[in-house]
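Next comes final-v8.tsv, a file with TSV, C-alpha atoms and all ligand atoms.
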chain	number	residue	atom	x	y	z
A	212	MET	CA	75.12	113.02	-29.76
A	213	LYS	CA	73.33	110.71	-32.19
A	214	GLN	CA	75.13	108.29	-34.53
A	215	LYS	CA	73.39	109.86	-37.54
A	216	GLU	CA	75.01	113.22	-36.69
A	217	ILE	CA	78.40	111.65	-37.31
A	218	THR	CA	79.81	111.49	-40.83
A	219	ILE	CA	82.60	109.23	-41.98
A	220	ARG	CA	84.65	110.64	-44.84
A	221	ASN	CA	88.17	110.60	-46.31
A	222	LEU	CA	90.90	112.42	-44.44
A	223	LYS	CA	91.68	115.91	-45.78
A	224	ASP	CA	94.87	117.93	-45.31
A	225	GLU	CA	93.02	120.52	-43.24
A	226	ASP	CA	92.19	117.77	-40.68
A	227	LEU	CA	95.84	117.27	-39.78
A	228	PRO	CA	96.06	119.81	-36.90
A	229	GLN	CA	93.09	118.06	-35.24
A	230	ILE	CA	94.65	114.63	-35.81
A	231	LYS	CA	97.87	115.86	-34.26
A	232	ASN	CA	95.94	117.05	-31.18
A	233	LEU	CA	94.16	113.71	-30.95
A	234	LEU	CA	97.51	111.89	-30.99
A	235	TYR	CA	98.93	114.30	-28.43
A	236	ASP	CA	95.98	113.81	-26.05
A	237	THR	CA	95.82	110.05	-26.47
A	238	TRP	CA	99.50	109.11	-26.34
A	239	ILE	CA	102.20	111.79	-26.52
A	240	LYS	CA	101.18	113.82	-23.45
A	241	LYS	CA	101.83	110.81	-21.18
A	242	ASP	CA	105.45	110.44	-22.26
A	243	TYR	CA	106.55	113.95	-23.21
A	244	GLY	CA	103.95	116.29	-21.69
A	245	GLU	CA	106.43	118.06	-19.38
A	246	ASN	CA	108.50	119.23	-22.37
A	247	GLU	CA	106.02	121.13	-24.54
A	248	ARG	CA	108.29	121.73	-27.54
A	249	VAL	CA	109.47	118.12	-27.72
A	250	ALA	CA	105.89	116.89	-27.23
A	251	ASN	CA	104.74	119.11	-30.10
A	252	GLU	CA	107.44	117.82	-32.46
A	253	ILE	CA	106.99	114.17	-31.44
A	254	SER	CA	103.23	114.51	-32.11
A	255	SER	CA	104.02	115.66	-35.67
A	256	ILE	CA	106.65	112.94	-36.16
A	257	PHE	CA	104.24	110.29	-34.87
A	258	MET	CA	101.47	111.56	-37.19
A	259	TYR	CA	103.60	111.73	-40.36
A	260	GLU	CA	105.17	108.34	-39.59
A	261	LEU	CA	101.67	106.83	-39.52
A	262	LEU	CA	100.45	108.78	-42.56
A	263	TYR	CA	103.28	107.84	-44.89
A	264	ARG	CA	102.47	104.13	-44.46
A	265	GLN	CA	98.77	104.35	-45.33
A	266	SER	CA	96.72	103.68	-48.44
A	267	PHE	CA	93.38	104.20	-46.64
A	268	SER	CA	92.44	107.11	-44.36
A	269	ASN	CA	89.01	107.91	-42.95
A	270	VAL	CA	87.86	110.29	-40.25
A	271	ALA	CA	84.68	110.58	-38.20
A	272	VAL	CA	83.29	114.12	-38.08
A	273	TYR	CA	80.79	115.59	-35.62
A	274	LYS	CA	79.67	119.21	-35.98
A	275	GLU	CA	82.58	119.85	-38.37
A	276	LYS	CA	85.10	118.59	-35.81
A	277	VAL	CA	87.19	115.47	-36.35
A	278	VAL	CA	86.39	113.07	-33.52
A	279	GLY	CA	88.05	109.88	-34.78
A	280	ILE	CA	90.46	108.50	-37.32
A	281	ILE	CA	91.36	105.20	-38.92
A	282	LEU	CA	94.40	104.61	-41.13
A	283	GLY	CA	95.18	101.36	-42.89
A	284	ARG	CA	97.06	99.89	-45.79
A	285	ILE	CA	96.67	97.16	-48.34
A	286	ASN	CA	100.24	96.28	-49.29
A	287	LYS	CA	99.55	95.76	-52.98
A	288	HIS	CA	97.84	99.18	-53.24
A	289	TYR	CA	100.50	101.08	-51.44
A	290	LYS	CA	102.54	103.56	-53.45
A	291	LEU	CA	105.25	105.40	-51.55
A	292	LYS	CA	105.20	108.21	-54.12
A	293	ASN	CA	101.61	109.09	-53.08
A	294	ASN	CA	102.85	109.76	-49.55
A	295	ILE	CA	106.15	111.45	-50.30
A	296	ILE	CA	104.97	114.74	-48.78
A	297	TYR	CA	104.49	112.99	-45.42
A	298	ILE	CA	108.03	111.61	-45.58
A	299	ILE	CA	109.44	115.06	-46.27
A	300	LYS	CA	107.49	116.51	-43.33
A	301	LEU	CA	108.61	113.63	-41.13
A	302	ILE	CA	112.27	114.36	-41.93
A	303	LEU	CA	111.81	118.10	-41.33
A	304	HIS	CA	110.24	117.51	-37.92
A	305	CYS	CA	113.02	115.06	-36.99
A	306	LEU	CA	115.59	117.73	-37.85
A	307	LYS	CA	113.71	120.32	-35.77
A	308	THR	CA	113.58	117.87	-32.85
A	309	ILE	CA	117.34	117.24	-32.93
A	310	LEU	CA	117.86	120.93	-32.15
A	311	LEU	CA	115.65	120.84	-29.03
A	312	LYS	CA	116.80	120.07	-25.50
A	313	ASP	CA	116.10	116.34	-24.91
A	314	GLY	CA	115.02	116.05	-28.55
A	315	ILE	CA	117.60	113.38	-29.42
A	316	LYS	CA	116.59	111.35	-26.36
A	317	ALA	CA	112.95	111.47	-27.51
A	318	LEU	CA	113.89	110.43	-31.06
A	319	LYS	CA	115.93	107.50	-29.69
A	320	SER	CA	112.92	106.32	-27.70
A	321	GLU	CA	110.72	106.49	-30.83
A	322	LYS	CA	113.39	104.57	-32.73
A	323	GLU	CA	113.38	101.86	-30.03
A	324	THR	CA	109.58	101.59	-30.42
A	325	ALA	CA	109.96	101.08	-34.16
A	326	LYS	CA	112.64	98.44	-33.53
A	327	VAL	CA	110.39	96.47	-31.16
A	328	ASN	CA	107.47	96.67	-33.61
A	329	ASN	CA	109.75	95.39	-36.35
A	330	GLU	CA	110.78	92.45	-34.17
A	331	LEU	CA	107.11	91.66	-33.51
A	332	LEU	CA	106.36	91.85	-37.23
A	333	ASN	CA	109.26	89.55	-38.06
A	334	SER	CA	107.91	87.03	-35.54
A	335	LEU	CA	104.67	86.64	-37.55
A	336	SER	CA	104.55	83.17	-39.04
A	337	THR	CA	101.96	83.93	-41.75
A	338	ASP	CA	101.69	86.49	-44.54
A	339	THR	CA	99.28	89.42	-44.25
A	340	ASP	CA	97.67	91.65	-46.88
A	341	GLY	CA	97.94	94.88	-44.96
A	342	GLU	CA	98.00	96.80	-41.70
A	343	LEU	CA	95.59	98.67	-39.45
A	344	ILE	CA	97.91	101.59	-38.73
A	345	LEU	CA	95.93	103.96	-36.52
A	346	PHE	CA	92.56	103.68	-34.84
A	347	ALA	CA	91.59	106.32	-32.31
A	348	LEU	CA	88.66	108.38	-31.13
A	349	ASN	CA	88.37	111.53	-29.10
A	350	ARG	CA	88.11	110.32	-25.48
A	351	ASN	CA	84.62	111.91	-25.01
A	352	ILE	CA	83.12	109.78	-27.74
A	353	LYS	CA	84.45	106.33	-26.80
A	354	GLY	CA	82.09	103.43	-26.03
A	355	ARG	CA	79.20	104.46	-28.32
A	356	GLY	CA	79.83	102.24	-31.32
A	357	LEU	CA	81.74	104.78	-33.39
A	358	GLY	CA	84.97	102.74	-33.24
A	359	SER	CA	83.13	99.77	-34.77
A	360	LYS	CA	81.71	102.02	-37.49
A	361	LEU	CA	85.16	103.33	-38.43
A	362	LEU	CA	86.63	99.84	-38.30
A	363	ASN	CA	83.88	98.60	-40.61
A	364	SER	CA	84.88	101.22	-43.16
A	365	PHE	CA	88.38	99.68	-43.15
A	366	TYR	CA	86.92	96.13	-43.38
A	367	ASN	CA	84.88	97.23	-46.41
A	368	TYR	CA	87.98	98.69	-48.07
A	369	MET	CA	89.81	95.38	-47.46
A	370	LYS	CA	86.93	93.26	-48.78
A	371	GLU	CA	86.30	95.43	-51.87
A	372	ASN	CA	89.93	94.90	-52.77
A	373	ASN	CA	90.06	91.16	-52.06
A	374	ALA	CA	92.36	91.64	-49.09
A	375	ASP	CA	91.71	89.34	-46.17
A	376	LYS	CA	94.25	89.40	-43.38
A	377	PHE	CA	95.92	92.33	-41.65
A	378	TYR	CA	98.09	93.00	-38.63
A	379	LEU	CA	98.29	95.84	-36.11
A	380	PHE	CA	100.64	97.01	-33.40
A	381	THR	CA	99.27	98.07	-30.04
A	382	ASP	CA	100.48	98.29	-26.45
A	383	THR	CA	99.44	98.70	-22.84
A	384	THR	CA	98.96	102.48	-23.27
A	385	CYS	CA	96.14	101.69	-25.74
A	386	ASP	CA	92.63	100.30	-25.37
A	387	TYR	CA	93.94	96.96	-26.63
A	388	GLY	CA	91.07	95.20	-24.80
A	389	PHE	CA	89.01	96.28	-27.83
A	390	TYR	CA	90.96	93.83	-30.00
A	391	GLU	CA	90.66	91.01	-27.45
A	392	HIS	CA	86.91	91.59	-27.26
A	393	ASN	CA	86.44	91.77	-31.02
A	394	GLY	CA	88.10	88.51	-32.05
A	395	PHE	CA	91.57	89.65	-33.05
A	396	LYS	CA	94.39	87.15	-32.53
A	397	ARG	CA	97.30	88.14	-30.30
A	398	GLU	CA	100.35	86.80	-32.13
A	399	SER	CA	103.15	87.90	-29.80
A	400	SER	CA	104.19	90.45	-27.21
A	401	LYS	CA	107.27	92.08	-25.76
A	402	ASN	CA	107.89	93.95	-22.49
A	403	ILE	CA	109.80	97.20	-22.84
A	404	TYR	CA	111.47	99.45	-20.25
A	405	PHE	CA	112.67	102.46	-22.25
A	406	LYS	CA	109.51	104.62	-21.77
A	407	LYS	CA	108.52	106.47	-18.58
A	408	GLU	CA	106.65	103.37	-17.35
A	409	PRO	CA	107.25	99.72	-18.30
A	410	GLN	CA	104.92	98.70	-21.12
A	411	THR	CA	104.03	95.66	-23.17
A	412	TYR	CA	103.87	95.86	-26.96
A	413	PHE	CA	101.69	93.49	-28.95
A	414	ILE	CA	101.07	92.43	-32.51
A	415	TYR	CA	97.57	91.23	-33.39
A	416	THR	CA	96.15	89.86	-36.63
A	417	LYS	CA	92.63	89.63	-38.00
A	418	LYS	CA	91.32	87.52	-40.85
A	419	LEU	CA	88.08	88.80	-42.34
A	420	THR	CA	86.79	85.58	-43.90
B	1	LIG	C1	89.68	101.48	-29.39
B	1	LIG	C2	88.56	102.47	-29.71
B	1	LIG	C3	88.80	103.07	-31.10
B	1	LIG	C4	87.24	101.71	-29.67
B	1	LIG	O1	86.17	102.54	-30.08
B	1	LIG	P1	84.75	102.57	-29.32
B	1	LIG	O2	83.82	103.41	-30.10
B	1	LIG	O3	85.00	102.94	-27.92
B	1	LIG	O4	84.31	101.04	-29.42
B	1	LIG	P2	82.81	100.51	-29.67
B	1	LIG	O5	81.88	101.33	-28.84
B	1	LIG	O6	82.56	100.45	-31.14
B	1	LIG	O7	82.92	99.04	-29.07
B	1	LIG	C5	82.64	97.85	-29.81
B	1	LIG	C6	82.69	96.68	-28.87
B	1	LIG	O8	84.00	96.59	-28.28
B	1	LIG	C7	83.92	96.67	-26.86
B	1	LIG	N1	85.04	97.49	-26.37
B	1	LIG	C8	85.30	98.79	-26.66
B	1	LIG	N2	86.43	99.18	-26.03
B	1	LIG	C9	86.86	98.11	-25.32
B	1	LIG	C10	87.98	97.91	-24.45
B	1	LIG	N3	88.87	98.87	-24.21
B	1	LIG	N4	88.11	96.68	-23.89
B	1	LIG	C11	87.23	95.67	-24.14
B	1	LIG	N5	86.14	95.82	-24.96
B	1	LIG	C12	85.98	97.03	-25.54
B	1	LIG	C13	82.58	97.34	-26.57
B	1	LIG	O9	82.11	97.00	-25.30
B	1	LIG	C14	81.72	96.79	-27.69
B	1	LIG	O10	81.35	95.47	-27.35
B	1	LIG	P3	79.95	94.80	-27.86
B	1	LIG	O11	79.99	94.85	-29.38
B	1	LIG	O12	80.03	93.41	-27.32
B	1	LIG	O13	78.86	95.67	-27.29
B	1	LIG	C15	88.49	103.64	-28.67
B	1	LIG	O14	88.32	103.10	-27.39
B	1	LIG	C16	89.73	104.53	-28.64
B	1	LIG	O15	89.85	105.46	-29.44
B	1	LIG	N6	90.68	104.31	-27.72
B	1	LIG	C17	91.87	105.16	-27.59
B	1	LIG	C18	92.87	104.89	-28.68
B	1	LIG	C19	93.25	103.44	-28.74
B	1	LIG	O16	93.62	102.86	-27.74
B	1	LIG	N7	93.18	102.88	-29.97
B	1	LIG	C20	93.34	101.46	-30.22
B	1	LIG	C21	94.62	100.87	-29.96
B	1	LIG	S1	96.00	101.45	-30.87
Whole structure, structure tokens version:
Amino acid sequence: MKQKEITIRNLKDEDLPQIKNLLYDTWIKKDYGENERVANEISSIFMYELLYRQSFSNVAVYKEKVVGIILGRINKHYKLKNNIIYIIKLILHCLKTILLKDGIKALKSEKETAKVNNELLNSLSTDTDGELILFALNRNIKGRGLGSKLLNSFYNYMKENNADKFYLFTDTTCDYGFYEHNGFKRESSKNIYFKKEPQTYFIYTKKLT
């Protein structure tokens, strides 16, 4: 696969099933894989929860298949009304999950995650202009510079709109070494014990100028 065979373009609605699969493979399978119906619903909930917070969404496409995604937000550009459809879908999938065996347990775990992230965000001592919400590639395409290309598209969006500093949440189930290697600042961390395995959650920031 050559870099020039990969296109970066805006996310389209028809990409969403592929994004959901990417999220399932990268994160959800590890925690909920033994309960297929819960895993399926949590993948949708995870996806819509990320989508409703974004004002920027790009995907990397290879041979018409989505192989990577980046979602971000500049706070001053964000309009909740643009993402209302994602909120409605999020609520619908939460309701469907409640009806499943172990669904409430899964939702509680996701709620705990959100609570920890909120604590990390509240611990930030400086203001930020936005957030890097989601950054993930298909596992077969990692380590070939595509992540940097997608991230640059987010940097360009920030710069074109005079936004400078952003934060991101990550954890020990992610390739957070990428952020260490690429000059992001780890602001704080928290150990958690409510998932299958103990994990550490982090908040990083990056200033572009
Ligand atoms: C994080 C991710 C998007 C990076 O994309 P990528 O295409 O593999 O990264 P690149 O090839 O562009 O790497 C750019 C640089 O970062 C380094 N790097 C990449 N992954 C790294 C890692 N896990 N740890 C340390 N350094 C890393 C590369 O060696 C390269 O260094 P160089 O510029 O000095 O040569 C990709 O690994 C991924 O999708 N991971 C799974 C999802 C995930 O964990 N997302 C991020 C956290 S929420």
Just want the residues within 9 Å of ligand LIG 1 (chain B), written as a ChimeraX atom specification, counting only C-alpha atoms and all ligand atoms. /A:234,237-238,279-281,344-350,352-362,379-393
Looking at all atoms listed in the file, which of A:Ile219, A:Leu233, A:Met369, A:Val327 is the one that sits closest to Thr411 (chain A)? A:Val327
Record the distance separating CA of Leu310 (chain A) and CA of Asn232 (chain A), expressed in Å with one decimal. 22.3 Å
Among listed residues A:Phe365, A:Tyr259, A:Tyr378, A:Tyr243, nearest Cys305 (chain A) (using only C-alpha atoms): A:Tyr259
Could you state the separation of CA of Ser336 (chain A) and CA of Lys319 (chain A) in Å, given to one decimal place?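 CA of Lys319 (chain A) lies at a distance of 28.4 Å from CA of Ser336 (chain A).
Closest to Lys287 (chain A) among A:Asn333, A:Thr420, A:Ala250, A:Ser266 is A:Ser266, based on all atoms listed in the file.
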I'd like the box whose edges run along x, y and z of the file and which contains every listed atom of region 371-381 of chain A, padded by 5 Å per side; could you state its centre and edge lengths in Å, one decimal, as JSON?
{"center_x": 93.5, "center_y": 93.7, "center_z": -41.4, "size_x": 24.3, "size_y": 18.7, "size_z": 32.7}
Residue nearest Leu311 (chain A) - candidates A:Val249, A:Leu419, A:Met212, A:Val277, atoms counted: all atoms listed in the file: A:Val249
Measuring atom to atom with only C-alpha atoms, identify which of A:Thr324, A:Thr308, A:Lys215, A:Leu291 is nearest to Ile403 (chain A).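 Result for the nearest residue to Ile403 (chain A): A:Thr324.
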